[in-house]
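Chemist: Please see the structure below; I have some questions.
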Amino acid sequence: MTWGAPLLAGIVAAIAVPALIILYFLKLRRRTVEVSTTLLWKKAIQDLQANAPFQRLRKNILLLLQLLILAAAILALAQPRSAQQADGGRRLVLFIDRSASMSAVDNEDGRSRLDLAKQQALEQIDAMAGAELFSDSGGSDQATVIAFDESAEIVAQFTADKAVLRAAVESITPTDAPSNLADAFKLAMANRPKQLVTDAAPVDGEAEVFAAEGLVGGDPFEFHLYSDGRLDGLELVDPEEFDSFEFHAIGDPAAANIGITGVRAERGYENPNEITVYVGIQSTDSQTRVVDVELGVGDSVAAIKTVTLAPAELPAGAPEGTRATPAQSGVVFDLERADGFLCTVTLRTGETMTGDVLRRDNTGWVVVPPARQTSVAVVTNGNFFLTQALSGLPLSRLDTLSPSEFQALRADGRSDRYDVVLLDGWMPPEMAAGEPARGRWLIFNAVPPPPFGVLDEGNTGQTAIIDWARTHPVLRDVVLDGLYMSDSRLVTLPEESTAVVMAQSTRGPAMIELGSAESRAIVVPFELTQSPWPWNVSFVVFLASAVDYLGAESASVVDPSAARRQFEPGQVLTTRLPPGIEGARLVPPEGGSSVNLVAGPDGSVAYGPVRRAGVYTVRWSGEPGPADVSDGGGAARVFAVNLANPAESDLAAAQELSLADRQRSGVSSERGQRVREYWPWLLLLALAIMMLEWWVYNRKVHI
């Protein structure tokens, strides 16, 4: 048993108890009263004796009861509590991991890891010291609750109110996003109360300078992390020397799981009606596993394939405690359809909890857009190389036009039939004036000026390619080694330019990408006949990649419904709806409430970050796009959000963490025990005795 305020209770007892007893010694001021019998004289004599000083107190039940009342009240004022209670005044930071892996169920009672983490956090809250009565708040513990996955949020600010903290913990729901502790730690440190450093030893007046400049330090924090240890960003977590950090390990280190780590669909380049669906699968089980992979299209099952997964194995000679390397496998489905549709991939493991503890990663979705091929217009006064190279590509349309013919199509509004336009030594008038022209352009032997383009400094003579952006989608499969030009333009970028240099020559940029909201252009400033590039296979590969890249960009502008449909938990779901639509709303998976969306001037809407995997549907009043579906007089667009994260599907719980400063081992879940405060019961006891004293007093009066 410990006492929170024993000194205060002693002072009160030293004053109140003697004062009560002295009251029974006081003499009363008497008045003359006529009585009808001498029997009352005995009572009067007793009163005189009781009020005589230095007389022994006679037995009095009221005095005993009043002393008991005082004793109970003084004991309550001393703040008695259980012996397990630590010193008060702590500042606790409770990190609760709500990422995808925390939805795993790897215990016998059927509760998820997140449920266990919340239970331990509630026990820690119950173990907090409360504030002392008639004292400042420095004697009470305060805590903040931070829930995190890939991002973090404060669900309860620093407070000593346990009811608020408990409600905050209980409100935390699981997500399917990956986990990263760095943002949660930064958020906690940003909310550290600041104080001036006053204990710095002065060295030539340095301590005074520090105080004058406002050098600050924070109160010590007790960090409590409730997680299975499947975390990123640990190397960025660096507590102060005076802070403590405890890792409460949740989950089974031997937990095994099977999950989908990737799902995508591609239409054939030659034949867009041919669809290939790729499914990646991972197993962390130490035993060989056989699973069925089911492919659903709409409400029907299209195919089922059986996959054998090898056991996860430890590397040869690995030390004890090394994590086994998960087994990777996959399956491929082939379909043939021209329309757009939603595919659902499901793992049928047929195993008990020990073989597959996370069900959230057993399903994946992929949205397949309708089949389409790119249409291309070549605007030139005659270029044999361009037309011949493009004729071998699987295009839905390839037209060769003169500048005047193309301008006539633009005037009639018929140029939108082309996804990509190749310009050879010519540009539309607005582009030549520095204004972006709506569309997707591949420009040879011409340079758009600022503000849309770059500066043309004139011909620079012979030059050669020395480097290029090998990660750019257009140049990923292109080799430009040894490519030279006998003459080329000298191109420079204005300071405010957002242009991307795709290739660099000895005299400056040799290939540039320009972009705006509705216009994108890849510019090759030199004349093709001034280099041997047209005779090189890399030229054909470049044309095919550029047309495919710009064609996909065109689809997202001309037909926004063909834009990105695949997202991951933690990302922001964005899309562009057709112009003139009304009442846009998003319907989340699992029967969640719909959310109203506000479209921007260009029809763009955003929602997120999305927290759960599943199928999200955007509905609106208006006409559907080519890849949308009609929905009860309106239109709908479907998006797939997949967990598909190998790290989150590897569920072997960690028992220690390596932070920036040192390793932290998991602590026992029995660490936090409930602190029992006895003062409320003592106050109730005092109140009960007071009621008894009142009853006795009134009973004596009526006797």
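How things are named: the first chain in the structure tokens is A, the next is B, and so on; residues count from 1 in each chain; ligands count from 1 in the order shown.
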Could you name the residues that touch Phe385 (chain A) at 9 Å or less, counting only C-alpha atoms, but leaving out those on the same chain fewer than 4 positions away, as a list of chain:residue names?
Modeler: A:Ala389, A:Leu390, A:Leu528, A:Thr529, A:Pro534, A:Trp535
Chemist: Using only C-alpha atoms, please write the residues we just selected to a file, as a JSON list (two decimals), in the first residue's frame.
Modeler:
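What ended up in again_25.json:
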[["chain", "number", "residue", "atom", "x", "y", "z"],
["A", 389, "ALA", "CA", 8.39, 2.36, -89.25],
["A", 390, "LEU", "CA", 4.84, 2.99, -88.07],
["A", 528, "LEU", "CA", 16.18, 12.28, -88.64],
["A", 529, "THR", "CA", 18.08, 12.41, -91.93],
["A", 534, "PRO", "CA", 16.34, 5.55, -88.77],
["A", 535, "TRP", "CA", 18.39, 2.54, -89.95]]
Chemist: Please provide the set of residues having any atom within 9 Å of Gln66 (chain A), restricted to only C-alpha atoms, with same-chain residues fewer than 2 positions apart removed, written as a ChimeraX atom specification.
Modeler: /A:20,61-64,68-71,689-690,693
Chemist: Write out as a list of chain:residue names all residues of region 298-406 of chain A that DSSP puts in helix (DSSP H, G or I) for this structure's backbone.
Modeler: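 Matching residues, listed in order: A:Met353, A:Thr354, A:Gly355, A:Arg360, A:Asp361, A:Asn362, A:Phe384, A:Phe385, A:Leu386, A:Thr387, A:Gln388, A:Ala389, A:Leu390, A:Ser391, A:Pro403, A:Ser404, A:Glu405, A:Phe406.
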Chemist: Emit the selected residues as a compact mmCIF listing (two decimals), in the first residue's frame, including C-alpha atoms.
Modeler:
# COMPACT_ATOMS: atom_id res chain seq x y z
CA MET A 353 -5.87 -21.18 -38.78
CA THR A 354 -2.31 -22.43 -38.26
CA GLY A 355 -1.74 -22.66 -41.99
CA ARG A 360 -7.55 -10.44 -46.03
CA ASP A 361 -4.84 -11.31 -48.57
CA ASN A 362 -6.67 -14.31 -50.02
CA PHE A 384 9.68 7.88 -95.64
CA PHE A 385 11.22 6.71 -92.35
CA LEU A 386 8.26 7.64 -90.16
CA THR A 387 5.54 6.11 -92.30
CA GLN A 388 7.47 2.89 -92.92
CA ALA A 389 8.39 2.36 -89.25
CA LEU A 390 4.84 2.99 -88.07
CA SER A 391 3.23 0.77 -90.69
CA PRO A 403 -0.09 20.26 -92.33
CA SER A 404 -2.97 21.91 -94.19
CA GLU A 405 -5.05 18.71 -94.15
CA PHE A 406 -4.48 18.27 -90.44
Chemist: Need the shell around Glu241 (chain A): protein/DNA/RNA residues with any atom at most 10 Å away, counting only C-alpha atoms. Skip same-chain ones fewer than 2 positions apart. Format as a PDB file with C-alpha atoms, in the first residue's frame?
Modeler:
ATOM      1  CA  PRO A 220      10.718  12.514 -20.848  1.00  0.00           C
ATOM      2  CA  ASP A 238      15.601   7.655 -32.474  1.00  0.00           C
ATOM      3  CA  PRO A 239      14.229   8.420 -28.972  1.00  0.00           C
ATOM      4  CA  ASP A 243      13.098   8.648 -23.033  1.00  0.00           C
ATOM      5  CA  SER A 244      12.116   5.017 -22.565  1.00  0.00           C
ATOM      6  CA  ASP A 661      19.779   3.804 -31.111  1.00  0.00           C
TER       7      ASP A 661
END
